[in-house]
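*Asks:* Here it is, the structure, as C-alpha cells.
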Amino acid sequence: MKKLSKILLPMIIALITNTSCNQIKNEDRVLMKGKNDSLLIVKIPDAACEKCQKVIEEGLFNQKGVKQSILNLQTKEVSIVYDPLIVSPQILKDTVTELSYKMPCSIAKN
C-alpha cells in the first residue's frame with residue numbers, strides 16, 4: 001500500500017498542478033482599435049487561469065457593441081474595444097462583474 005501511495009501521490013500532485021488555476025502564460029495578443037472605437041480597461045482580481053479568460057472573453061464577445069476583448073492574466077485586467085454608440089462603459093462593467101462570478105477561480109474561492 002505504501003508503494004502504491006508513493007507512486008500515486010506524485011501523479012495526483014502533478015495532475016492538480018497542471019490543471020489548477022495557477023497556470024499563467026505570457027499574453028501576446030494585440031488589440032485592434034478603430035478610429036471610432038473606445039477602449040475600456042476593467043480590473044478582475046480573481047482571474048487566474050485560461051478558463052477564467054475564456055468565460056470573460058466569450059461572454060463579452062456576446063455583448064452587442066463589443067468588437068474585441070483580451071483578459072491579461074498577469075495584470076488581471078480585461079481590455080475591451082467597443083462601439084460607444086451601441087454600448088456604454090457602465091453596461092460593460094456590469095457585464096464583466098456578472099461574468100466574473102462564473103469564472104472557475106472565483107467559484108473555487110467562495
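To be explicit about the labels: the chains of the C-alpha cells are called A, B, and onward in the order shown, and within each one the residues are counted from 1, while ligands get numbers from 1 in the order they are shown.
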Using only C-alpha atoms, which residues sit within 9 Å of Asp46 of chain A once same-chain residues fewer than 2 positions away are excluded, as a count of residues only?
*Replies:* 9
*Asks:* Quick one: residues within 8 Å of Val81 of chain A, only C-alpha atoms counted, chain neighbours fewer than 3 positions away excluded, as a PyMOL selection string?
*Replies:* chain A and resi 31-33+37-40+66-69
*Asks:* May I have the residues from that selection written out with C-alpha atoms, as a tab-separated table (two decimals), in the first residue's frame?
*Replies:*
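The resulting result08.tsv:
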```tsv
chain	number	residue	atom	x	y	z
A	31	LEU	CA	-5.99	44.86	-29.53
A	32	MET	CA	-7.17	46.37	-32.80
A	33	LYS	CA	-8.91	49.69	-32.13
A	37	ASP	CA	-13.93	52.74	-31.20
A	38	SER	CA	-13.41	53.27	-27.50
A	39	LEU	CA	-11.26	51.31	-25.07
A	40	LEU	CA	-12.26	50.30	-21.56
A	66	VAL	CA	-18.02	44.75	-28.25
A	67	LYS	CA	-15.51	44.31	-31.03
A	68	GLN	CA	-12.69	42.64	-29.11
A	69	SER	CA	-11.62	41.83	-25.56
```
*Asks:* Which neighbours of Gly59 of chain A fall inside 12 Å, counting only C-alpha atoms, when residues of the same chain fewer than 3 positions from it are skipped, and could you give them as an MDAnalysis selection string?
*Replies:* chainID A and resid 52:56 62:64 66 68:71 78 80 92 94:103
*Asks:* Which residue, A:Pro104, A:Glu50, A:Ile41, A:Glu58, has the smallest gap to Tyr82 of chain A when you use only C-alpha atoms?
*Replies:*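 Distance minimum relative to Tyr82 of chain A lands on A:Ile41.
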